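Engineer: Below is a structure I'd like to ask you about.
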Amino acid sequence: MTITLDSLEPALSVRQVLTLERVLAGEPEVVAGASHLDRPVRWVHVAEAADVGVMLSGGEMVLTTGVLLAGDEDKQAEYVRSLHRAEAAAVVLGLGRAFPAAPDVMRRAAERCGLPMVVLHRPFPFAELTEEVQSRLVRRKFAAVSLSEAVRTELTALITAGAPLQRLLDEVARHSACPVVVTNLAHRVLGTAGERPAVDDVLRDWERIARQAGGVEGDGWIRAELGGRGERWGRIVLCGYRGDTATGRLLADRAAEALVLHRMLAGGAACSWEEQSAQSLLTDLVSGVVPARQLLPRARAAGLPVNRRTFVPLVVRDGDPARLERLLRLLGLPGLVAELADGATAVLLSLPRDQDAGALAAHFATRLRTETGPDHTVVAAAEARSAWDDVPTGLREAQHVADAVADSSAALDLPPVVRLKDVHLRGLIRLLRDDPHVQSFAERELDGLLRETDEDLLSVLRTYLATGRNKSRTAQLHHVSRPALYRRLEAIQVRLGVDLDDFEQAASVHIALLAHDAQQQ
């Protein structure tokens, strides 16, 4: 969309013009149309001709002494009606020889038409008013254009540098000084920016607000459509913009242009914005940096049902987020999916309270493992939460369970949905892995092997203990003969100074090895 200087709306309303110092010197009085003083003034025009309406294009504040209207009430009424038809912003009548007081005919006609009519009680040079308003309008128009170009330049530079969507929105919010929201056509929030309390206020009742603001701009709500090649796929909204409408529209249009370009350079993947939105929300939930209660508006605006729901936190190891999204849609399960760190993907299910959360989670996991194979996917879960404030703890628990079984030889024997009770000692060690006492214990117990970093012996020890000290199984898994395995086990016992046939000593070494492995992950 190309925006020129001529296409810009003015930044002054009738009310603002009447507060200018030069205008106040004429002692202005509004005698009609007082409820329409917020009309924008595009230009100021001095005209005495009775048929002035044919010379207007709309938005003008017309200044007149009425010298050609005096004594003819029909002309006076028609003068006002012609201004109304031409969509003039207001008419200003200088009182004097032609009209010592506001003519009733013009005043009544203006009131009926809703046209602001102002009279000046003191003689006033119209040239001064024209000069003052015109110069202000021109300065504001050029300032708006300059701002528009500055925003375009800054956003283009960010896109060229590979900045993410959030960085662009932050820049738009900085210029607009109000919350900025990007949505798809279903009003689902894909991104936000601005002061967090103000954004939360907007999102708290987003569904109603978005639909209410969807058709008509007002109260600083300024929209720009996102799309191209005849297809719309979203919109950006400046929420409660306090500047003039023309500048706000420029900002929104420039932001829209940048977002469309950002999407094009990303391959047109609009869904990636939804993924980023979900990732930001779930990452904040997992981290606990932002209280869950403060994240509730974001969750609701992102399309997650939150009222009277049961929440099931899941973490999937080696799961493709796009595949998980498709599976949720196929099964009709409402939820959010977001990729976390280290190959883990969080899935937060939101289920009606009358449904069996455990059964639905198991069904989801079974279908996923059927598609990917049990060797490739681990679905870890926390117990279902009925309160939103408990969701962060649940997500962290699910992540802990997923971490505990990562790269574990026991993963093949786990149920479709792995819970805390299924990871036993490994789960406990995972929780305590950063404790200095546990680290010191692991180094002390395994010092004879760690000192020479013999990975082959460590691997044999790991398999031997994981199989319950089954020598035949360990030899089979390492493709060695039993005598060769015995020699390696003997070397391990010598280096560690332990007897692996002794249950307590073997258990101590096993715990130390679990702690060592957990610390390496």
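Naming scheme: A, B, ... for chains in displayed order of the structure tokens; residues 1 onward per chain; ligands 1 onward as shown.
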If DSSP is run on the backbone, what residues of stretch 328-480 of chain A are strand (DSSP E)? A reply as a PyMOL selection string would be ideal.

Structural biologist: chain A and resi 335-339+344-352+378-381+417-418

Engineer: In terms of the shortest atom-to-atom distance over only C-alpha atoms, which of A:Leu259, A:Ala384, A:Glu325, A:Gly227 is closest to A:Glu275?

Structural biologist: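 Closest residue, counting only C-alpha atoms: A:Glu325.
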
Engineer: If I take atom CA of A:Asp501 and atom CA of A:His424, how far is one from the other in Å, to one decimal?

Structural biologist: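 Interatomic distance here is 22.4 Å.
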
Engineer: Any idea what the distance is between atom CA of A:Val17 and atom CA of A:Val133?

Structural biologist: 7.2 Å

Engineer: What are the DSSP helix (DSSP H, G or I) residues of stretch 19-247 of chain A, as a CSV table (one decimal) with N, CA, C and O atoms, in the first residue's frame?

Structural biologist:
```csv
chain,number,residue,atom,x,y,z
A,21,GLU,N,-4.1,29.7,20.2
A,21,GLU,CA,-4.0,31.0,20.9
A,21,GLU,C,-4.6,32.1,19.9
A,21,GLU,O,-5.3,33.0,20.4
A,22,ARG,N,-4.3,32.0,18.7
A,22,ARG,CA,-4.8,33.0,17.7
A,22,ARG,C,-6.3,33.0,17.6
A,22,ARG,O,-7.0,34.0,17.4
A,23,VAL,N,-6.9,31.8,17.7
A,23,VAL,CA,-8.3,31.7,17.6
A,23,VAL,C,-9.0,32.2,18.9
A,23,VAL,O,-10.0,32.8,18.8
A,24,LEU,N,-8.4,31.9,20.0
A,24,LEU,CA,-9.0,32.3,21.3
A,24,LEU,C,-9.1,33.8,21.3
A,24,LEU,O,-9.9,34.4,22.0
A,34,ALA,N,-22.3,21.2,18.7
A,34,ALA,CA,-21.2,21.0,19.7
A,34,ALA,C,-20.8,19.6,20.0
A,34,ALA,O,-19.7,19.3,20.4
A,35,SER,N,-21.6,18.6,19.6
A,35,SER,CA,-21.3,17.2,19.8
A,35,SER,C,-20.4,16.7,18.7
A,35,SER,O,-20.1,15.5,18.7
A,36,HIS,N,-20.1,17.5,17.7
A,36,HIS,CA,-19.3,17.0,16.5
A,36,HIS,C,-18.0,17.8,16.4
A,36,HIS,O,-17.4,17.8,15.4
A,52,VAL,N,-20.5,27.9,-2.0
A,52,VAL,CA,-19.1,27.5,-1.7
A,52,VAL,C,-19.0,25.9,-1.7
A,52,VAL,O,-17.9,25.4,-1.9
A,53,GLY,N,-20.1,25.2,-1.4
A,53,GLY,CA,-20.0,23.8,-1.3
A,53,GLY,C,-19.5,23.1,-2.5
A,53,GLY,O,-18.8,22.1,-2.4
A,54,VAL,N,-19.7,23.6,-3.7
A,54,VAL,CA,-19.2,23.0,-4.9
A,54,VAL,C,-17.7,23.1,-5.0
A,54,VAL,O,-17.0,22.4,-5.8
A,55,MET,N,-17.0,24.0,-4.2
A,55,MET,CA,-15.6,24.1,-4.3
A,55,MET,C,-14.9,23.3,-3.2
A,55,MET,O,-13.6,23.4,-3.1
A,73,GLU,N,-32.6,34.8,4.2
A,73,GLU,CA,-32.6,33.6,5.0
A,73,GLU,C,-32.6,32.3,4.2
A,73,GLU,O,-32.0,31.3,4.7
A,74,ASP,N,-33.1,32.3,3.0
A,74,ASP,CA,-33.0,31.0,2.2
A,74,ASP,C,-31.6,30.8,1.8
A,74,ASP,O,-31.1,29.6,1.9
A,75,LYS,N,-30.9,31.8,1.5
A,75,LYS,CA,-29.5,31.6,1.1
A,75,LYS,C,-28.7,31.2,2.3
A,75,LYS,O,-27.8,30.3,2.2
A,76,GLN,N,-29.0,31.7,3.5
A,76,GLN,CA,-28.3,31.3,4.7
A,76,GLN,C,-28.5,29.8,5.0
A,76,GLN,O,-27.5,29.1,5.3
A,77,ALA,N,-29.7,29.3,4.9
A,77,ALA,CA,-30.0,27.9,5.2
A,77,ALA,C,-29.3,27.0,4.1
A,77,ALA,O,-28.8,26.0,4.5
A,78,GLU,N,-29.4,27.5,2.9
A,78,GLU,CA,-28.8,26.7,1.8
A,78,GLU,C,-27.3,26.6,1.9
A,78,GLU,O,-26.6,25.6,1.6
A,79,TYR,N,-26.7,27.8,2.4
A,79,TYR,CA,-25.3,27.8,2.6
A,79,TYR,C,-24.8,26.7,3.5
A,79,TYR,O,-23.9,26.0,3.3
A,80,VAL,N,-25.5,26.6,4.7
A,80,VAL,CA,-25.2,25.6,5.7
A,80,VAL,C,-25.4,24.2,5.1
A,80,VAL,O,-24.6,23.3,5.3
A,81,ARG,N,-26.5,24.0,4.4
A,81,ARG,CA,-26.8,22.7,3.8
A,81,ARG,C,-25.8,22.3,2.8
A,81,ARG,O,-25.4,21.1,2.7
A,82,SER,N,-25.3,23.2,2.0
A,82,SER,CA,-24.3,22.9,1.0
A,82,SER,C,-23.0,22.5,1.7
A,82,SER,O,-22.3,21.6,1.2
A,83,LEU,N,-22.6,23.2,2.8
A,83,LEU,CA,-21.4,22.8,3.5
A,83,LEU,C,-21.6,21.3,4.1
A,83,LEU,O,-20.6,20.5,4.0
A,84,HIS,N,-22.8,21.0,4.5
A,84,HIS,CA,-23.0,19.7,5.1
A,84,HIS,C,-22.9,18.7,3.9
A,84,HIS,O,-22.3,17.6,4.1
A,85,ARG,N,-23.5,18.9,2.8
A,85,ARG,CA,-23.4,18.0,1.6
A,85,ARG,C,-21.9,17.8,1.2
A,85,ARG,O,-21.5,16.7,0.8
A,104,ASP,N,-30.3,33.0,13.5
A,104,ASP,CA,-31.0,31.8,13.9
A,104,ASP,C,-31.2,30.8,12.8
A,104,ASP,O,-31.1,29.6,13.0
A,105,VAL,N,-31.4,31.3,11.6
A,105,VAL,CA,-31.6,30.4,10.5
A,105,VAL,C,-30.4,29.5,10.2
A,105,VAL,O,-30.5,28.2,10.1
A,106,MET,N,-29.2,30.1,10.2
A,106,MET,CA,-28.0,29.3,10.0
A,106,MET,C,-27.7,28.4,11.2
A,106,MET,O,-27.3,27.2,11.1
A,107,ARG,N,-28.0,28.9,12.4
A,107,ARG,CA,-27.7,28.1,13.6
A,107,ARG,C,-28.6,26.9,13.6
A,107,ARG,O,-28.2,25.8,13.9
A,108,ARG,N,-29.9,27.0,13.3
A,108,ARG,CA,-30.9,25.9,13.4
A,108,ARG,C,-30.5,24.9,12.3
A,108,ARG,O,-30.6,23.7,12.5
A,109,ALA,N,-30.2,25.4,11.1
A,109,ALA,CA,-29.8,24.5,10.0
A,109,ALA,C,-28.5,23.7,10.3
A,109,ALA,O,-28.4,22.5,10.1
A,110,ALA,N,-27.6,24.4,10.9
A,110,ALA,CA,-26.3,23.7,11.3
A,110,ALA,C,-26.6,22.6,12.4
A,110,ALA,O,-26.0,21.5,12.4
A,111,GLU,N,-27.5,22.9,13.3
A,111,GLU,CA,-27.8,22.0,14.4
A,111,GLU,C,-28.5,20.7,13.8
A,111,GLU,O,-28.2,19.6,14.2
A,112,ARG,N,-29.4,21.0,12.8
A,112,ARG,CA,-30.1,19.9,12.2
A,112,ARG,C,-29.1,19.0,11.4
A,112,ARG,O,-29.2,17.8,11.4
A,113,CYS,N,-28.2,19.6,10.8
A,113,CYS,CA,-27.2,18.9,9.9
A,113,CYS,C,-26.1,18.3,10.8
A,113,CYS,O,-25.3,17.4,10.3
A,126,PHE,N,-8.8,36.7,9.2
A,126,PHE,CA,-8.9,35.3,8.8
A,126,PHE,C,-7.5,34.8,8.3
A,126,PHE,O,-7.2,33.6,8.4
A,127,ALA,N,-6.7,35.6,7.8
A,127,ALA,CA,-5.4,35.2,7.2
A,127,ALA,C,-4.5,34.6,8.3
A,127,ALA,O,-3.8,33.6,8.1
A,128,GLU,N,-4.6,35.2,9.5
A,128,GLU,CA,-3.8,34.6,10.6
A,128,GLU,C,-4.2,33.2,11.0
A,128,GLU,O,-3.4,32.4,11.2
A,129,LEU,N,-5.6,33.0,11.1
A,129,LEU,CA,-6.1,31.7,11.4
A,129,LEU,C,-5.7,30.7,10.3
A,129,LEU,O,-5.3,29.6,10.6
A,130,THR,N,-5.9,31.1,9.0
A,130,THR,CA,-5.5,30.2,7.9
A,130,THR,C,-4.1,29.8,8.0
A,130,THR,O,-3.7,28.7,7.9
A,131,GLU,N,-3.2,30.8,8.2
A,131,GLU,CA,-1.8,30.6,8.2
A,131,GLU,C,-1.4,29.6,9.4
A,131,GLU,O,-0.6,28.7,9.2
A,132,GLU,N,-2.0,29.9,10.6
A,132,GLU,CA,-1.7,29.1,11.7
A,132,GLU,C,-2.1,27.6,11.5
A,132,GLU,O,-1.3,26.7,11.7
A,133,VAL,N,-3.3,27.4,11.1
A,133,VAL,CA,-3.8,26.0,10.9
A,133,VAL,C,-3.1,25.3,9.8
A,133,VAL,O,-2.7,24.2,9.9
A,134,GLN,N,-2.9,26.0,8.6
A,134,GLN,CA,-2.3,25.4,7.5
A,134,GLN,C,-0.9,24.9,7.9
A,134,GLN,O,-0.4,23.8,7.5
A,135,SER,N,-0.1,25.8,8.5
A,135,SER,CA,1.2,25.5,8.9
A,135,SER,C,1.3,24.3,9.8
A,135,SER,O,2.2,23.4,9.7
A,136,ARG,N,0.4,24.2,10.8
A,136,ARG,CA,0.4,23.1,11.7
A,136,ARG,C,0.0,21.8,11.0
A,136,ARG,O,0.6,20.8,11.2
A,137,LEU,N,-1.0,21.9,10.1
A,137,LEU,CA,-1.4,20.7,9.3
A,137,LEU,C,-0.2,20.2,8.5
A,137,LEU,O,0.1,19.0,8.4
A,138,VAL,N,0.5,21.1,7.8
A,138,VAL,CA,1.6,20.7,6.9
A,138,VAL,C,2.7,20.0,7.8
A,138,VAL,O,3.3,19.0,7.4
A,139,ARG,N,3.0,20.7,8.9
A,139,ARG,CA,4.1,20.2,9.8
A,139,ARG,C,3.7,18.8,10.3
A,139,ARG,O,4.6,17.9,10.3
A,140,ARG,N,2.5,18.6,10.6
A,140,ARG,CA,2.1,17.3,11.2
A,140,ARG,C,2.1,16.2,10.1
A,140,ARG,O,2.4,15.1,10.3
A,141,LYS,N,1.6,16.6,8.9
A,141,LYS,CA,1.6,15.7,7.8
A,141,LYS,C,3.0,15.2,7.5
A,141,LYS,O,3.3,14.0,7.3
A,142,PHE,N,3.9,16.1,7.4
A,142,PHE,CA,5.3,15.8,7.1
A,142,PHE,C,6.0,15.0,8.2
A,142,PHE,O,6.8,14.1,8.0
A,143,ALA,N,5.6,15.3,9.5
A,143,ALA,CA,6.1,14.6,10.6
A,143,ALA,C,5.6,13.2,10.6
A,143,ALA,O,6.4,12.2,10.9
A,144,ALA,N,4.3,13.0,10.2
A,144,ALA,CA,3.8,11.6,10.1
A,144,ALA,C,4.5,10.8,9.0
A,144,ALA,O,4.8,9.7,9.2
A,145,VAL,N,4.7,11.5,7.9
A,145,VAL,CA,5.4,10.8,6.8
A,145,VAL,C,6.9,10.4,7.2
A,145,VAL,O,7.4,9.3,6.9
A,146,SER,N,7.5,11.4,7.9
A,146,SER,CA,8.9,11.1,8.3
A,146,SER,C,8.9,9.9,9.3
A,146,SER,O,9.8,9.0,9.3
A,147,LEU,N,7.9,9.9,10.2
A,147,LEU,CA,7.9,8.8,11.2
A,147,LEU,C,7.6,7.5,10.4
A,147,LEU,O,8.2,6.5,10.7
A,148,SER,N,6.7,7.6,9.5
A,148,SER,CA,6.4,6.4,8.7
A,148,SER,C,7.6,5.8,8.0
A,148,SER,O,7.9,4.6,8.1
A,149,GLU,N,8.4,6.7,7.4
A,149,GLU,CA,9.6,6.2,6.7
A,149,GLU,C,10.7,5.7,7.7
A,149,GLU,O,11.4,4.7,7.4
A,150,ALA,N,10.7,6.3,8.9
A,150,ALA,CA,11.7,5.9,9.9
A,150,ALA,C,11.3,4.5,10.3
A,150,ALA,O,12.2,3.6,10.5
A,151,VAL,N,10.0,4.3,10.6
A,151,VAL,CA,9.6,2.9,11.0
A,151,VAL,C,9.8,1.9,10.0
A,151,VAL,O,10.3,0.8,10.2
A,152,ARG,N,9.5,2.3,8.7
A,152,ARG,CA,9.8,1.3,7.6
A,152,ARG,C,11.3,0.9,7.5
A,152,ARG,O,11.6,-0.2,7.4
A,153,THR,N,12.1,1.9,7.6
A,153,THR,CA,13.6,1.7,7.6
A,153,THR,C,14.0,0.8,8.7
A,153,THR,O,14.8,-0.2,8.5
A,154,GLU,N,13.6,1.0,9.9
A,154,GLU,CA,14.0,0.3,11.1
A,154,GLU,C,13.5,-1.2,11.0
A,154,GLU,O,14.2,-2.1,11.3
A,155,LEU,N,12.2,-1.4,10.6
A,155,LEU,CA,11.7,-2.7,10.5
A,155,LEU,C,12.4,-3.5,9.4
A,155,LEU,O,12.6,-4.7,9.5
A,156,THR,N,12.6,-2.8,8.3
A,156,THR,CA,13.3,-3.5,7.2
A,156,THR,C,14.7,-4.0,7.6
A,156,THR,O,15.1,-5.1,7.2
A,157,ALA,N,15.4,-3.1,8.3
A,157,ALA,CA,16.7,-3.5,8.8
A,157,ALA,C,16.7,-4.7,9.7
A,157,ALA,O,17.5,-5.6,9.7
A,158,LEU,N,15.6,-4.7,10.6
A,158,LEU,CA,15.5,-5.9,11.5
A,158,LEU,C,15.2,-7.2,10.7
A,158,LEU,O,15.8,-8.2,11.0
A,159,ILE,N,14.4,-7.1,9.7
A,159,ILE,CA,14.1,-8.2,8.9
A,159,ILE,C,15.3,-8.7,8.1
A,159,ILE,O,15.6,-9.9,8.1
A,160,THR,N,16.1,-7.8,7.6
A,160,THR,CA,17.3,-8.2,6.9
A,160,THR,C,18.3,-8.8,7.8
A,160,THR,O,19.0,-9.8,7.4
A,165,LEU,N,9.9,-12.5,14.9
A,165,LEU,CA,8.6,-11.7,14.9
A,165,LEU,C,8.5,-10.8,16.1
A,165,LEU,O,8.2,-9.6,16.0
A,166,GLN,N,8.9,-11.3,17.3
A,166,GLN,CA,8.8,-10.6,18.5
A,166,GLN,C,9.6,-9.3,18.5
A,166,GLN,O,9.1,-8.2,19.0
A,167,ARG,N,10.8,-9.3,17.9
A,167,ARG,CA,11.6,-8.1,17.8
A,167,ARG,C,10.9,-7.1,17.0
A,167,ARG,O,11.0,-5.9,17.3
A,168,LEU,N,10.3,-7.5,15.9
A,168,LEU,CA,9.5,-6.5,15.1
A,168,LEU,C,8.4,-5.9,15.8
A,168,LEU,O,8.2,-4.6,15.8
A,169,LEU,N,7.6,-6.7,16.6
A,169,LEU,CA,6.5,-6.2,17.3
A,169,LEU,C,6.9,-5.3,18.4
A,169,LEU,O,6.3,-4.3,18.7
A,170,ASP,N,8.1,-5.6,19.1
A,170,ASP,CA,8.6,-4.7,20.1
A,170,ASP,C,8.9,-3.3,19.5
A,170,ASP,O,8.6,-2.3,20.2
A,171,GLU,N,9.4,-3.3,18.3
A,171,GLU,CA,9.8,-2.0,17.7
A,171,GLU,C,8.5,-1.2,17.4
A,171,GLU,O,8.4,0.0,17.6
A,172,VAL,N,7.5,-1.9,16.9
A,172,VAL,CA,6.2,-1.2,16.6
A,172,VAL,C,5.6,-0.7,17.9
A,172,VAL,O,5.1,0.4,17.9
A,173,ALA,N,5.6,-1.5,18.9
A,173,ALA,CA,5.1,-1.0,20.2
A,173,ALA,C,5.8,0.2,20.8
A,173,ALA,O,5.2,1.1,21.4
A,174,ARG,N,7.1,0.2,20.5
A,174,ARG,CA,7.9,1.3,21.0
A,174,ARG,C,7.5,2.6,20.3
A,174,ARG,O,7.4,3.7,20.9
A,175,HIS,N,7.2,2.6,19.0
A,175,HIS,CA,6.8,3.8,18.3
A,175,HIS,C,5.4,4.1,18.6
A,175,HIS,O,5.0,5.3,18.6
A,176,SER,N,4.5,3.1,18.8
A,176,SER,CA,3.1,3.5,19.0
A,176,SER,C,2.7,3.7,20.4
A,176,SER,O,1.7,4.3,20.7
A,196,ARG,N,3.8,-5.0,29.7
A,196,ARG,CA,3.1,-6.2,30.0
A,196,ARG,C,1.7,-6.0,30.7
A,196,ARG,O,0.7,-6.6,30.4
A,197,PRO,N,1.6,-5.1,31.7
A,197,PRO,CA,0.3,-4.9,32.3
A,197,PRO,C,-0.8,-4.4,31.3
A,197,PRO,O,-1.9,-4.9,31.4
A,198,ALA,N,-0.4,-3.5,30.4
A,198,ALA,CA,-1.3,-3.0,29.4
A,198,ALA,C,-1.7,-4.1,28.5
A,198,ALA,O,-2.9,-4.3,28.1
A,199,VAL,N,-0.7,-5.0,28.1
A,199,VAL,CA,-1.0,-6.1,27.2
A,199,VAL,C,-2.0,-7.1,27.9
A,199,VAL,O,-3.0,-7.6,27.3
A,200,ASP,N,-1.7,-7.4,29.1
A,200,ASP,CA,-2.6,-8.3,29.9
A,200,ASP,C,-4.0,-7.7,30.0
A,200,ASP,O,-5.0,-8.5,29.9
A,201,ASP,N,-4.2,-6.4,30.1
A,201,ASP,CA,-5.5,-5.8,30.2
A,201,ASP,C,-6.2,-6.0,28.9
A,201,ASP,O,-7.4,-6.3,28.9
A,202,VAL,N,-5.5,-5.9,27.8
A,202,VAL,CA,-6.1,-6.1,26.5
A,202,VAL,C,-6.5,-7.6,26.3
A,202,VAL,O,-7.6,-7.9,25.8
A,203,LEU,N,-5.7,-8.5,26.7
A,203,LEU,CA,-5.9,-9.9,26.4
A,203,LEU,C,-6.9,-10.5,27.4
A,203,LEU,O,-7.4,-11.6,27.0
A,206,TRP,N,-10.1,-10.9,25.4
A,206,TRP,CA,-9.7,-10.6,24.1
A,206,TRP,C,-10.8,-11.0,23.1
A,206,TRP,O,-11.0,-10.3,22.1
A,207,GLU,N,-11.4,-12.1,23.3
A,207,GLU,CA,-12.4,-12.6,22.3
A,207,GLU,C,-13.5,-11.6,22.0
A,207,GLU,O,-13.8,-11.2,20.9
A,208,ARG,N,-14.0,-11.0,23.1
A,208,ARG,CA,-15.1,-10.0,23.0
A,208,ARG,C,-14.5,-8.7,22.4
A,208,ARG,O,-15.1,-8.2,21.5
A,209,ILE,N,-13.4,-8.3,22.9
A,209,ILE,CA,-12.8,-7.1,22.4
A,209,ILE,C,-12.5,-7.1,21.0
A,209,ILE,O,-12.7,-6.2,20.2
A,210,ALA,N,-11.9,-8.3,20.5
A,210,ALA,CA,-11.4,-8.4,19.2
A,210,ALA,C,-12.6,-8.3,18.2
A,210,ALA,O,-12.6,-7.7,17.2
A,211,ARG,N,-13.7,-9.0,18.5
A,211,ARG,CA,-14.8,-9.0,17.7
A,211,ARG,C,-15.5,-7.7,17.7
A,211,ARG,O,-16.0,-7.2,16.6
A,212,GLN,N,-15.5,-7.0,18.8
A,212,GLN,CA,-16.1,-5.7,18.9
A,212,GLN,C,-15.3,-4.7,18.1
A,212,GLN,O,-15.9,-3.8,17.4
A,245,THR,N,-5.3,9.7,14.6
A,245,THR,CA,-5.6,8.5,13.8
A,245,THR,C,-4.8,8.3,12.6
A,245,THR,O,-4.4,7.2,12.2
A,246,ALA,N,-4.5,9.5,11.9
A,246,ALA,CA,-3.7,9.4,10.7
A,246,ALA,C,-2.3,8.7,10.9
A,246,ALA,O,-1.9,7.8,10.2
A,247,THR,N,-1.6,9.2,12.0
A,247,THR,CA,-0.3,8.6,12.3
A,247,THR,C,-0.4,7.2,12.7
A,247,THR,O,0.4,6.3,12.3
```

Engineer: If we count only C-alpha atoms, what is near stretch 299-310 of chain A at a cut-off of 7 Å, once residues fewer than 5 positions away on the same chain are taken out, given as JSON, numbers by chain?

Structural biologist: {"A": [188, 189, 190, 203, 206, 334, 335, 350, 351, 352, 353, 384, 385, 386]}

Engineer: Please save N, CA and C atoms of the selected residues as a CSV table (one decimal), in the first residue's frame.

Structural biologist:
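Written out: selection09.csv:
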```
chain,number,residue,atom,x,y,z
A,188,ARG,N,-7.3,-15.5,16.9
A,188,ARG,CA,-6.3,-16.2,17.8
A,188,ARG,C,-5.0,-15.3,17.8
A,189,VAL,N,-4.6,-15.0,19.0
A,189,VAL,CA,-3.4,-14.2,19.2
A,189,VAL,C,-2.1,-14.9,18.8
A,190,LEU,N,-1.4,-14.3,17.8
A,190,LEU,CA,-0.1,-14.9,17.4
A,190,LEU,C,1.1,-14.2,18.0
A,203,LEU,N,-5.7,-8.5,26.7
A,203,LEU,CA,-5.9,-9.9,26.4
A,203,LEU,C,-6.9,-10.5,27.4
A,206,TRP,N,-10.1,-10.9,25.4
A,206,TRP,CA,-9.7,-10.6,24.1
A,206,TRP,C,-10.8,-11.0,23.1
A,334,PRO,N,-8.0,-30.2,22.4
A,334,PRO,CA,-7.5,-28.9,22.5
A,334,PRO,C,-6.2,-28.8,23.2
A,335,GLY,N,-5.3,-28.1,22.7
A,335,GLY,CA,-4.0,-28.0,23.4
A,335,GLY,C,-3.0,-27.1,22.7
A,350,SER,N,-5.9,-29.3,27.2
A,350,SER,CA,-7.0,-28.7,28.0
A,350,SER,C,-8.3,-29.4,27.7
A,351,LEU,N,-8.7,-30.2,28.7
A,351,LEU,CA,-9.8,-31.1,28.5
A,351,LEU,C,-11.0,-30.7,29.4
A,352,PRO,N,-12.2,-31.0,28.9
A,352,PRO,CA,-13.4,-30.8,29.8
A,352,PRO,C,-13.3,-31.7,31.0
A,353,ARG,N,-13.8,-31.2,32.1
A,353,ARG,CA,-13.6,-31.9,33.4
A,353,ARG,C,-14.3,-33.3,33.5
A,384,ALA,N,-2.7,-34.9,36.0
A,384,ALA,CA,-3.6,-33.8,35.5
A,384,ALA,C,-3.8,-32.7,36.6
A,385,ARG,N,-3.9,-31.5,36.2
A,385,ARG,CA,-4.1,-30.4,37.1
A,385,ARG,C,-5.5,-29.8,36.8
A,386,SER,N,-6.2,-29.5,37.8
A,386,SER,CA,-7.5,-28.8,37.7
A,386,SER,C,-7.4,-27.3,37.9
```

Engineer: Excluding A:Thr372 and residues on its chain fewer than 4 positions from it, collect all residues at most 10 Å away from it, counting only C-alpha atoms, and give them as a list in words.

Structural biologist: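 After dropping sequence-adjacent residues, the list is Asp318, Gly319, Asp320, Arg323, Thr366, Arg367, Leu368, His376 and Thr377 of chain A.
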
Engineer: Would you save the residues from that selection as a CSV table (one decimal), in the first residue's frame, using N, CA and C atoms?

Structural biologist:
```csv
chain,number,residue,atom,x,y,z
A,318,ASP,N,12.0,-36.3,21.3
A,318,ASP,CA,12.2,-36.5,19.9
A,318,ASP,C,10.8,-36.5,19.1
A,319,GLY,N,10.0,-35.6,19.5
A,319,GLY,CA,8.7,-35.5,18.8
A,319,GLY,C,8.7,-34.3,17.9
A,320,ASP,N,8.2,-34.4,16.7
A,320,ASP,CA,8.1,-33.3,15.7
A,320,ASP,C,6.9,-32.5,16.1
A,323,ARG,N,4.0,-32.7,13.7
A,323,ARG,CA,3.3,-33.9,13.8
A,323,ARG,C,2.4,-34.0,15.0
A,366,THR,N,-0.3,-43.5,22.5
A,366,THR,CA,-0.3,-44.7,21.8
A,366,THR,C,-0.4,-44.4,20.3
A,367,ARG,N,-1.2,-43.5,19.9
A,367,ARG,CA,-1.3,-43.1,18.5
A,367,ARG,C,0.0,-42.6,18.0
A,368,LEU,N,0.7,-41.8,18.8
A,368,LEU,CA,1.9,-41.2,18.4
A,368,LEU,C,3.0,-42.2,18.3
A,376,HIS,N,11.5,-44.5,19.1
A,376,HIS,CA,11.8,-43.1,18.8
A,376,HIS,C,11.1,-42.1,19.7
A,377,THR,N,10.1,-42.4,20.4
A,377,THR,CA,9.3,-41.4,21.1
A,377,THR,C,9.0,-41.8,22.5
```

Engineer: Using only C-alpha atoms, which of A:Phe311, A:Phe441, A:Phe503, A:Trp273 sits nearest A:Glu383?

Structural biologist: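 Using only C-alpha atoms, the shortest distance to A:Glu383 belongs to A:Phe311.
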